[in-house]
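Note: the block below is entry-v4.txt and it holds compact mmCIF, C-alpha atoms.
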# COMPACT_ATOMS: atom_id res chain seq x y z
CA MET B 1 25.07 -105.39 -51.26
CA MET B 2 21.68 -105.45 -49.56
CA ARG B 3 18.64 -104.18 -51.48
CA LEU B 4 15.38 -104.64 -49.60
CA LEU B 5 11.77 -103.64 -49.98
CA LEU B 6 9.50 -103.35 -46.94
CA ILE B 7 5.73 -103.53 -47.39
CA GLY B 8 2.84 -103.86 -45.00
CA PRO B 9 -0.42 -102.25 -43.95
CA PRO B 10 -0.58 -98.87 -42.24
CA GLY B 11 0.42 -99.29 -38.61
CA ALA B 12 2.37 -102.53 -39.10
CA GLY B 13 5.60 -100.82 -38.02
CA LYS B 14 7.28 -100.30 -41.40
CA GLY B 15 8.85 -96.96 -40.50
CA THR B 16 10.18 -98.27 -37.20
CA GLN B 17 11.57 -101.44 -38.77
CA ALA B 18 13.03 -99.52 -41.72
CA SER B 19 15.00 -97.40 -39.27
CA LYS B 20 16.21 -100.46 -37.32
CA LEU B 21 17.17 -102.42 -40.44
CA SER B 22 18.97 -99.39 -41.82
CA GLU B 23 21.21 -99.46 -38.74
CA VAL B 24 21.66 -103.24 -38.78
CA PHE B 25 22.70 -103.42 -42.45
CA GLY B 26 24.31 -99.98 -42.81
CA ILE B 27 22.07 -99.00 -45.71
CA PRO B 28 19.76 -95.99 -46.09
CA ALA B 29 16.05 -96.43 -45.37
CA ILE B 30 14.27 -94.59 -48.15
CA SER B 31 10.61 -93.67 -47.93
CA THR B 32 8.75 -91.94 -50.72
CA GLY B 33 7.29 -89.52 -48.18
CA ASP B 34 10.81 -88.46 -47.17
CA ILE B 35 11.84 -88.12 -50.82
CA PHE B 36 8.82 -85.90 -51.52
CA ARG B 37 9.41 -83.72 -48.46
CA GLU B 38 13.15 -83.35 -49.17
CA ASN B 39 12.58 -82.32 -52.78
CA VAL B 40 9.81 -79.89 -51.82
CA LYS B 41 11.98 -78.37 -49.07
CA ASN B 42 14.90 -77.94 -51.47
CA GLN B 43 12.56 -76.62 -54.18
CA THR B 44 13.95 -78.96 -56.83
CA PRO B 45 12.08 -78.99 -60.15
CA LEU B 46 10.68 -82.45 -59.29
CA GLY B 47 9.83 -81.26 -55.77
CA LEU B 48 7.89 -78.27 -57.08
CA GLU B 49 5.98 -80.55 -59.40
CA ALA B 50 5.21 -82.98 -56.55
CA LYS B 51 4.15 -80.10 -54.28
CA SER B 52 1.32 -79.14 -56.62
CA PHE B 53 -0.19 -82.62 -56.20
CA MET B 54 0.51 -82.83 -52.47
CA ASP B 55 -1.04 -79.41 -51.79
CA SER B 56 -4.26 -80.47 -53.48
CA GLY B 57 -4.35 -83.75 -51.52
CA ALA B 58 -3.90 -85.80 -54.71
CA TYR B 59 -1.59 -88.77 -55.10
CA VAL B 60 1.70 -87.95 -56.77
CA PRO B 61 1.46 -89.77 -60.14
CA ASP B 62 3.59 -92.85 -60.80
CA SER B 63 5.62 -91.09 -63.49
CA LEU B 64 6.75 -88.38 -61.07
CA THR B 65 7.22 -90.76 -58.14
CA ASN B 66 9.37 -92.97 -60.38
CA LYS B 67 11.57 -90.01 -61.36
CA LEU B 68 12.03 -89.00 -57.72
CA VAL B 69 12.94 -92.55 -56.63
CA ARG B 70 15.29 -93.04 -59.60
CA ASP B 71 17.02 -89.76 -58.70
CA ARG B 72 17.30 -90.75 -55.01
CA LEU B 73 18.77 -94.18 -55.76
CA LYS B 74 21.62 -92.51 -57.69
CA ASN B 75 22.92 -90.95 -54.46
CA PRO B 76 26.29 -92.30 -53.23
CA ASP B 77 24.78 -93.59 -49.97
CA CYS B 78 22.88 -96.22 -52.01
CA ALA B 79 26.07 -97.72 -53.50
CA ASN B 80 26.03 -100.60 -50.98
CA GLY B 81 22.27 -101.07 -51.00
CA PHE B 82 19.08 -99.56 -49.69
CA LEU B 83 15.78 -100.34 -48.05
CA LEU B 84 12.67 -99.00 -49.76
CA ASP B 85 9.61 -98.21 -47.64
CA GLY B 86 6.44 -97.17 -49.46
CA TYR B 87 7.70 -97.85 -52.97
CA PRO B 88 6.69 -99.50 -55.19
CA ARG B 89 2.94 -99.28 -54.63
CA THR B 90 1.69 -100.13 -58.12
CA ALA B 91 2.59 -102.61 -60.85
CA ASP B 92 3.92 -99.73 -62.97
CA GLN B 93 6.23 -98.74 -60.11
CA VAL B 94 7.43 -102.37 -59.85
CA ASP B 95 8.30 -102.24 -63.56
CA GLU B 96 10.21 -98.97 -63.03
CA LEU B 97 12.11 -100.38 -60.03
CA ASP B 98 12.99 -103.45 -62.12
CA SER B 99 14.33 -101.11 -64.81
CA ILE B 100 16.38 -99.11 -62.29
CA LEU B 101 17.86 -102.31 -60.83
CA LYS B 102 18.59 -103.76 -64.28
CA GLU B 103 20.61 -100.65 -65.18
CA THR B 104 22.90 -101.37 -62.21
CA ASN B 105 22.90 -105.15 -62.76
CA GLY B 106 21.17 -105.47 -59.41
CA SER B 107 18.13 -107.11 -57.93
CA LEU B 108 16.19 -107.12 -54.70
CA GLU B 109 17.51 -109.54 -52.12
CA ALA B 110 14.09 -109.74 -50.51
CA VAL B 111 10.67 -108.17 -50.21
CA ILE B 112 9.71 -108.20 -46.54
CA GLN B 113 5.97 -108.17 -45.96
CA LEU B 114 5.08 -107.16 -42.42
CA THR B 115 1.77 -108.79 -41.58
CA ALA B 116 -0.53 -107.69 -38.79
CA ASP B 117 -4.01 -108.46 -37.51
CA SER B 118 -6.40 -105.75 -38.78
CA ASP B 119 -8.09 -105.14 -35.42
CA GLU B 120 -4.70 -104.84 -33.71
CA VAL B 121 -3.50 -102.37 -36.34
CA VAL B 122 -6.65 -100.26 -35.90
CA LYS B 123 -6.01 -100.14 -32.13
CA ARG B 124 -2.35 -99.24 -32.69
CA LEU B 125 -3.16 -96.44 -35.14
CA ALA B 126 -5.97 -95.11 -32.96
CA ARG B 127 -3.52 -94.91 -30.01
CA ARG B 128 -0.96 -93.16 -32.22
CA ALA B 129 -3.61 -90.70 -33.43
CA ILE B 130 -4.44 -89.77 -29.83
CA GLU B 131 -0.75 -89.47 -28.86
CA GLN B 132 0.00 -87.29 -31.90
CA GLY B 133 -3.26 -85.32 -31.76
CA ARG B 134 -4.40 -86.54 -35.17
CA SER B 135 -8.16 -86.13 -34.99
CA ASP B 136 -8.57 -87.21 -38.63
CA ASP B 137 -7.44 -90.78 -37.89
CA THR B 138 -10.79 -92.23 -36.90
CA GLU B 139 -11.47 -95.95 -36.99
CA ASP B 140 -13.40 -95.54 -40.28
CA VAL B 141 -10.53 -93.61 -41.88
CA ILE B 142 -7.99 -96.16 -40.65
CA ARG B 143 -10.05 -99.10 -41.95
CA ASN B 144 -10.44 -97.33 -45.31
CA ARG B 145 -6.66 -96.81 -45.55
CA MET B 146 -6.19 -100.51 -44.82
CA ALA B 147 -8.72 -101.48 -47.53
CA VAL B 148 -6.92 -99.25 -50.05
CA TYR B 149 -3.60 -100.82 -49.04
CA GLU B 150 -5.02 -104.33 -49.51
CA LYS B 151 -6.45 -103.48 -52.93
CA GLN B 152 -3.30 -101.74 -54.20
CA THR B 153 -0.72 -104.03 -52.64
CA ALA B 154 -2.24 -107.48 -53.20
CA PRO B 155 -1.07 -107.60 -56.83
CA LEU B 156 2.48 -106.64 -55.77
CA ILE B 157 2.55 -109.36 -53.12
CA THR B 158 1.47 -111.87 -55.76
CA MET B 159 4.17 -110.63 -58.18
CA TYR B 160 6.98 -110.81 -55.64
CA ALA B 161 5.80 -114.16 -54.28
CA ALA B 162 5.90 -115.58 -57.83
CA ARG B 163 9.50 -114.36 -58.14
CA GLY B 164 10.44 -116.12 -54.90
CA SER B 165 11.55 -112.92 -53.20
CA LEU B 166 8.68 -112.46 -50.71
CA ILE B 167 9.28 -113.05 -47.00
CA MET B 168 6.30 -112.77 -44.65
CA VAL B 169 7.05 -111.63 -41.10
CA ASP B 170 4.64 -111.00 -38.24
CA GLY B 171 4.88 -107.25 -37.60
CA LEU B 172 3.24 -107.32 -34.16
CA GLY B 173 5.23 -107.53 -30.95
CA GLU B 174 8.15 -105.72 -29.37
CA ILE B 175 10.26 -103.74 -31.84
CA ASP B 176 13.46 -105.74 -31.26
CA GLU B 177 11.50 -108.99 -31.46
CA VAL B 178 10.14 -108.06 -34.91
CA THR B 179 13.62 -106.97 -36.07
CA SER B 180 14.98 -110.37 -34.95
CA ARG B 181 12.23 -112.17 -36.90
CA ILE B 182 13.15 -110.21 -40.02
CA LYS B 183 16.87 -110.98 -39.66
CA GLU B 184 16.12 -114.69 -39.10
CA ALA B 185 13.84 -114.77 -42.16
CA LEU B 186 16.51 -113.08 -44.29
CA ASN B 187 19.16 -115.53 -43.06
CA ALA B 188 16.87 -118.48 -43.84
CA LYS B 189 16.20 -117.12 -47.33
CA ASN B 190 19.90 -116.58 -48.01
CA GLN B 191 20.69 -120.16 -46.94
CA SER B 192 18.03 -121.72 -49.17
Please rewrite the model in this file as structure tokens.
Amino acid sequence: MMRLLLIGPPGAGKGTQASKLSEVFGIPAISTGDIFRENVKNQTPLGLEAKSFMDSGAYVPDSLTNKLVRDRLKNPDCANGFLLDGYPRTADQVDELDSILKETNGSLEAVIQLTADSDEVVKRLARRAIEQGRSDDTEDVIRNRMAVYEKQTAPLITMYAARGSLIMVDGLGEIDEVTSRIKEALNAKNQS
């Protein structure tokens, strides 16, 4: 059973590493964005509710996000574990995840924090914006997203560090190199 949480600033490679770790451990990588899109596409009641927020550009409230994640974690593919990417983002969401895990007598094996130099992340995201034709990803917008991440995520990092479940891994470098660092950090944690 492998239950992991992946956090890090925009552009640190969370999506890429989530996909790689999903393959390595044979568990689903679950992102809230994917959950939202899937429920909207399938026009589920929760998806329709989320769509109203998404269409207006507003954040989907914690209460709805929690319901969508709870529903997703009940799927059979999560029986042997999962990797969460983008959830939890608030202390209330941490409490909800704790509740979900308690109901299954489970816990997180680790919270992997991908760290990255801010200037390097800005360069990486600016390159990606050009490659993907995203004119809205200017340096100012990217730096603002990073500031929001720092403000929202700092309390979570503190919470998980206090629980002894936080592992910090440098997210910069070749993809396979970062994946190896994560696996080594997980092995070291499991042996301690």
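Separating CA of Val178 (chain B) from CA of Ala91 (chain B) is a distance of 27.6 Å.
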Non-local contacts of Thr158 (chain B) (12 Å; all atoms listed in the file; under 4 positions in same chain excluded) as a list of chain:residue names: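 My list of contacting residues is B:Thr90, B:Ala91, B:Val94, B:Val111, B:Gln113, B:Glu150, B:Lys151, B:Gln152, B:Thr153, B:Ala154, B:Ala162, B:Arg163, B:Gly164, B:Ser165, B:Leu166, B:Ile167.
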For C-alpha atoms, I'd like the residues from the last selection saved as a JSON list (two decimals), in the coordinates of the input.
[["chain", "number", "residue", "atom", "x", "y", "z"],
["B", 90, "THR", "CA", 1.69, -100.13, -58.12],
["B", 91, "ALA", "CA", 2.59, -102.61, -60.85],
["B", 94, "VAL", "CA", 7.43, -102.37, -59.85],
["B", 111, "VAL", "CA", 10.67, -108.17, -50.21],
["B", 113, "GLN", "CA", 5.97, -108.17, -45.96],
["B", 150, "GLU", "CA", -5.02, -104.33, -49.51],
["B", 151, "LYS", "CA", -6.45, -103.48, -52.93],
["B", 152, "GLN", "CA", -3.30, -101.74, -54.20],
["B", 153, "THR", "CA", -0.72, -104.03, -52.64],
["B", 154, "ALA", "CA", -2.24, -107.48, -53.20],
["B", 162, "ALA", "CA", 5.90, -115.58, -57.83],
["B", 163, "ARG", "CA", 9.50, -114.36, -58.14],
["B", 164, "GLY", "CA", 10.44, -116.12, -54.90],
["B", 165, "SER", "CA", 11.55, -112.92, -53.20],
["B", 166, "LEU", "CA", 8.68, -112.46, -50.71],
["B", 167, "ILE", "CA", 9.28, -113.05, -47.00]]
Restrict the calculation to all atoms listed in the file, then for each residue of region 70-161 of chain B with any atom at most 10 Å from an atom of region 1-25 of chain B give the closest atom pair and their distance in Å to one decimal, rows by chain and rising residue number, as JSON lines.
{"residue": "B:Cys78", "atom": "CA", "partner": "B:Arg3", "partner_atom": "CA", "distance": 9.0}
{"residue": "B:Ala79", "atom": "CA", "partner": "B:Met1", "partner_atom": "CA", "distance": 8.1}
{"residue": "B:Asn80", "atom": "CA", "partner": "B:Met1", "partner_atom": "CA", "distance": 4.9}
{"residue": "B:Gly81", "atom": "CA", "partner": "B:Met2", "partner_atom": "CA", "distance": 4.6}
{"residue": "B:Phe82", "atom": "CA", "partner": "B:Arg3", "partner_atom": "CA", "distance": 5.0}
{"residue": "B:Leu83", "atom": "CA", "partner": "B:Leu4", "partner_atom": "CA", "distance": 4.6}
{"residue": "B:Leu84", "atom": "CA", "partner": "B:Leu5", "partner_atom": "CA", "distance": 4.7}
{"residue": "B:Asp85", "atom": "CA", "partner": "B:Leu6", "partner_atom": "CA", "distance": 5.2}
{"residue": "B:Gly86", "atom": "CA", "partner": "B:Ile7", "partner_atom": "CA", "distance": 6.7}
{"residue": "B:Tyr87", "atom": "CA", "partner": "B:Leu5", "partner_atom": "CA", "distance": 7.7}
{"residue": "B:Pro88", "atom": "CA", "partner": "B:Leu5", "partner_atom": "CA", "distance": 8.4}
{"residue": "B:Arg89", "atom": "CA", "partner": "B:Ile7", "partner_atom": "CA", "distance": 8.8}
{"residue": "B:Leu101", "atom": "CA", "partner": "B:Arg3", "partner_atom": "CA", "distance": 9.6}
{"residue": "B:Gly106", "atom": "CA", "partner": "B:Arg3", "partner_atom": "CA", "distance": 8.4}
{"residue": "B:Ser107", "atom": "CA", "partner": "B:Arg3", "partner_atom": "CA", "distance": 7.1}
{"residue": "B:Leu108", "atom": "CA", "partner": "B:Arg3", "partner_atom": "CA", "distance": 5.0}
{"residue": "B:Glu109", "atom": "CA", "partner": "B:Arg3", "partner_atom": "CA", "distance": 5.5}
{"residue": "B:Ala110", "atom": "CA", "partner": "B:Leu4", "partner_atom": "CA", "distance": 5.3}
{"residue": "B:Val111", "atom": "CA", "partner": "B:Leu5", "partner_atom": "CA", "distance": 4.7}
{"residue": "B:Ile112", "atom": "CA", "partner": "B:Leu6", "partner_atom": "CA", "distance": 4.9}
{"residue": "B:Gln113", "atom": "CA", "partner": "B:Ile7", "partner_atom": "CA", "distance": 4.9}
{"residue": "B:Leu114", "atom": "CA", "partner": "B:Gly8", "partner_atom": "CA", "distance": 4.8}
{"residue": "B:Thr115", "atom": "CA", "partner": "B:Gly8", "partner_atom": "CA", "distance": 6.1}
{"residue": "B:Ala116", "atom": "CA", "partner": "B:Ala12", "partner_atom": "CA", "distance": 5.9}
{"residue": "B:Asp117", "atom": "CA", "partner": "B:Ala12", "partner_atom": "CA", "distance": 8.9}
{"residue": "B:Ser118", "atom": "CA", "partner": "B:Pro9", "partner_atom": "CA", "distance": 8.6}
{"residue": "B:Glu120", "atom": "CA", "partner": "B:Gly11", "partner_atom": "CA", "distance": 9.0}
{"residue": "B:Val121", "atom": "CA", "partner": "B:Gly11", "partner_atom": "CA", "distance": 5.5}
{"residue": "B:Val122", "atom": "CA", "partner": "B:Gly11", "partner_atom": "CA", "distance": 7.6}
{"residue": "B:Lys123", "atom": "CA", "partner": "B:Gly11", "partner_atom": "CA", "distance": 9.2}
{"residue": "B:Arg124", "atom": "CA", "partner": "B:Gly11", "partner_atom": "CA", "distance": 6.5}
{"residue": "B:Leu125", "atom": "CA", "partner": "B:Gly11", "partner_atom": "CA", "distance": 5.7}
{"residue": "B:Ala126", "atom": "CA", "partner": "B:Gly11", "partner_atom": "CA", "distance": 9.5}
{"residue": "B:Arg128", "atom": "CA", "partner": "B:Gly11", "partner_atom": "CA", "distance": 9.0}
{"residue": "B:Ile142", "atom": "CA", "partner": "B:Pro10", "partner_atom": "CA", "distance": 8.0}
{"residue": "B:Arg143", "atom": "CA", "partner": "B:Pro10", "partner_atom": "CA", "distance": 9.5}
{"residue": "B:Arg145", "atom": "CA", "partner": "B:Pro10", "partner_atom": "CA", "distance": 7.2}
{"residue": "B:Met146", "atom": "CA", "partner": "B:Pro9", "partner_atom": "CA", "distance": 6.1}
{"residue": "B:Ala147", "atom": "CA", "partner": "B:Pro9", "partner_atom": "CA", "distance": 9.1}
{"residue": "B:Val148", "atom": "CA", "partner": "B:Pro9", "partner_atom": "CA", "distance": 9.4}
{"residue": "B:Tyr149", "atom": "CA", "partner": "B:Pro9", "partner_atom": "CA", "distance": 6.2}
{"residue": "B:Glu150", "atom": "CA", "partner": "B:Pro9", "partner_atom": "CA", "distance": 7.5}
{"residue": "B:Thr153", "atom": "CA", "partner": "B:Ile7", "partner_atom": "CA", "distance": 8.3}
{"residue": "B:Leu156", "atom": "CA", "partner": "B:Ile7", "partner_atom": "CA", "distance": 9.5}
{"residue": "B:Ile157", "atom": "CA", "partner": "B:Ile7", "partner_atom": "CA", "distance": 8.8}
Listed atoms of region 7-24 of chain B, axis-aligned box, 4 Å per side: centre and edge lengths to one decimal in Å, as AutoDock Vina command-line options?
--center_x 10.5 --center_y -100.4 --center_z -42.3 --size_x 30.2 --size_y 14.9 --size_z 18.2
Any idea what's packed within 12 Å of region 56-61 of chain B, counting all atoms listed in the file, ignoring anything in its chain fewer than 5 positions away? Could you give it as a PyMOL selection string? chain B and resi 32-33+35-36+46-51+66-68+89-90+92-93
Regenerate region 126-149 of chain B at the level of N, CA and C atoms and dump it as a tab-separated table (two decimals), in the coordinates of the input.
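The resulting selection10.tsv:
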chain	number	residue	atom	x	y	z
B	126	ALA	N	-5.10	-95.98	-33.76
B	126	ALA	CA	-5.97	-95.11	-32.96
B	126	ALA	C	-5.20	-94.54	-31.77
B	127	ARG	N	-4.37	-95.38	-31.12
B	127	ARG	CA	-3.52	-94.91	-30.01
B	127	ARG	C	-2.55	-93.85	-30.50
B	128	ARG	N	-1.93	-94.11	-31.65
B	128	ARG	CA	-0.96	-93.16	-32.22
B	128	ARG	C	-1.65	-91.84	-32.56
B	129	ALA	N	-2.86	-91.92	-33.08
B	129	ALA	CA	-3.61	-90.70	-33.43
B	129	ALA	C	-3.86	-89.85	-32.19
B	130	ILE	N	-4.20	-90.49	-31.08
B	130	ILE	CA	-4.44	-89.77	-29.83
B	130	ILE	C	-3.13	-89.15	-29.33
B	131	GLU	N	-2.05	-89.95	-29.34
B	131	GLU	CA	-0.75	-89.47	-28.86
B	131	GLU	C	-0.24	-88.30	-29.70
B	132	GLN	N	-0.52	-88.33	-31.00
B	132	GLN	CA	0.00	-87.29	-31.90
B	132	GLN	C	-1.05	-86.21	-32.19
B	133	GLY	N	-2.21	-86.32	-31.56
B	133	GLY	CA	-3.26	-85.32	-31.76
B	133	GLY	C	-3.81	-85.29	-33.17
B	134	ARG	N	-3.90	-86.46	-33.79
B	134	ARG	CA	-4.40	-86.54	-35.17
B	134	ARG	C	-5.88	-86.90	-35.15
B	135	SER	N	-6.73	-85.90	-35.11
B	135	SER	CA	-8.16	-86.13	-34.99
B	135	SER	C	-8.77	-86.74	-36.25
B	136	ASP	N	-8.03	-86.66	-37.39
B	136	ASP	CA	-8.57	-87.21	-38.63
B	136	ASP	C	-8.42	-88.72	-38.73
B	137	ASP	N	-7.64	-89.33	-37.85
B	137	ASP	CA	-7.44	-90.78	-37.89
B	137	ASP	C	-8.49	-91.50	-37.06
B	138	THR	N	-9.71	-91.50	-37.56
B	138	THR	CA	-10.79	-92.23	-36.90
B	138	THR	C	-10.72	-93.69	-37.32
B	139	GLU	N	-11.48	-94.54	-36.65
B	139	GLU	CA	-11.47	-95.95	-36.99
B	139	GLU	C	-11.91	-96.16	-38.45
B	140	ASP	N	-12.93	-95.41	-38.89
B	140	ASP	CA	-13.40	-95.54	-40.28
B	140	ASP	C	-12.31	-95.16	-41.27
B	141	VAL	N	-11.61	-94.06	-41.00
B	141	VAL	CA	-10.53	-93.61	-41.88
B	141	VAL	C	-9.40	-94.64	-41.91
B	142	ILE	N	-9.06	-95.16	-40.74
B	142	ILE	CA	-7.99	-96.16	-40.65
B	142	ILE	C	-8.37	-97.42	-41.43
B	143	ARG	N	-9.61	-97.89	-41.24
B	143	ARG	CA	-10.05	-99.10	-41.95
B	143	ARG	C	-10.09	-98.86	-43.47
B	144	ASN	N	-10.45	-97.65	-43.89
B	144	ASN	CA	-10.44	-97.33	-45.31
B	144	ASN	C	-9.01	-97.36	-45.86
B	145	ARG	N	-8.06	-96.78	-45.12
B	145	ARG	CA	-6.66	-96.81	-45.55
B	145	ARG	C	-6.17	-98.25	-45.69
B	146	MET	N	-6.60	-99.10	-44.76
B	146	MET	CA	-6.19	-100.51	-44.82
B	146	MET	C	-6.80	-101.21	-46.03
B	147	ALA	N	-8.07	-100.88	-46.36
B	147	ALA	CA	-8.72	-101.48	-47.53
B	147	ALA	C	-8.02	-101.03	-48.81
B	148	VAL	N	-7.64	-99.76	-48.88
B	148	VAL	CA	-6.92	-99.25	-50.05
B	148	VAL	C	-5.57	-99.96	-50.17
B	149	TYR	N	-4.89	-100.12	-49.04
B	149	TYR	CA	-3.60	-100.82	-49.04
B	149	TYR	C	-3.79	-102.24	-49.59
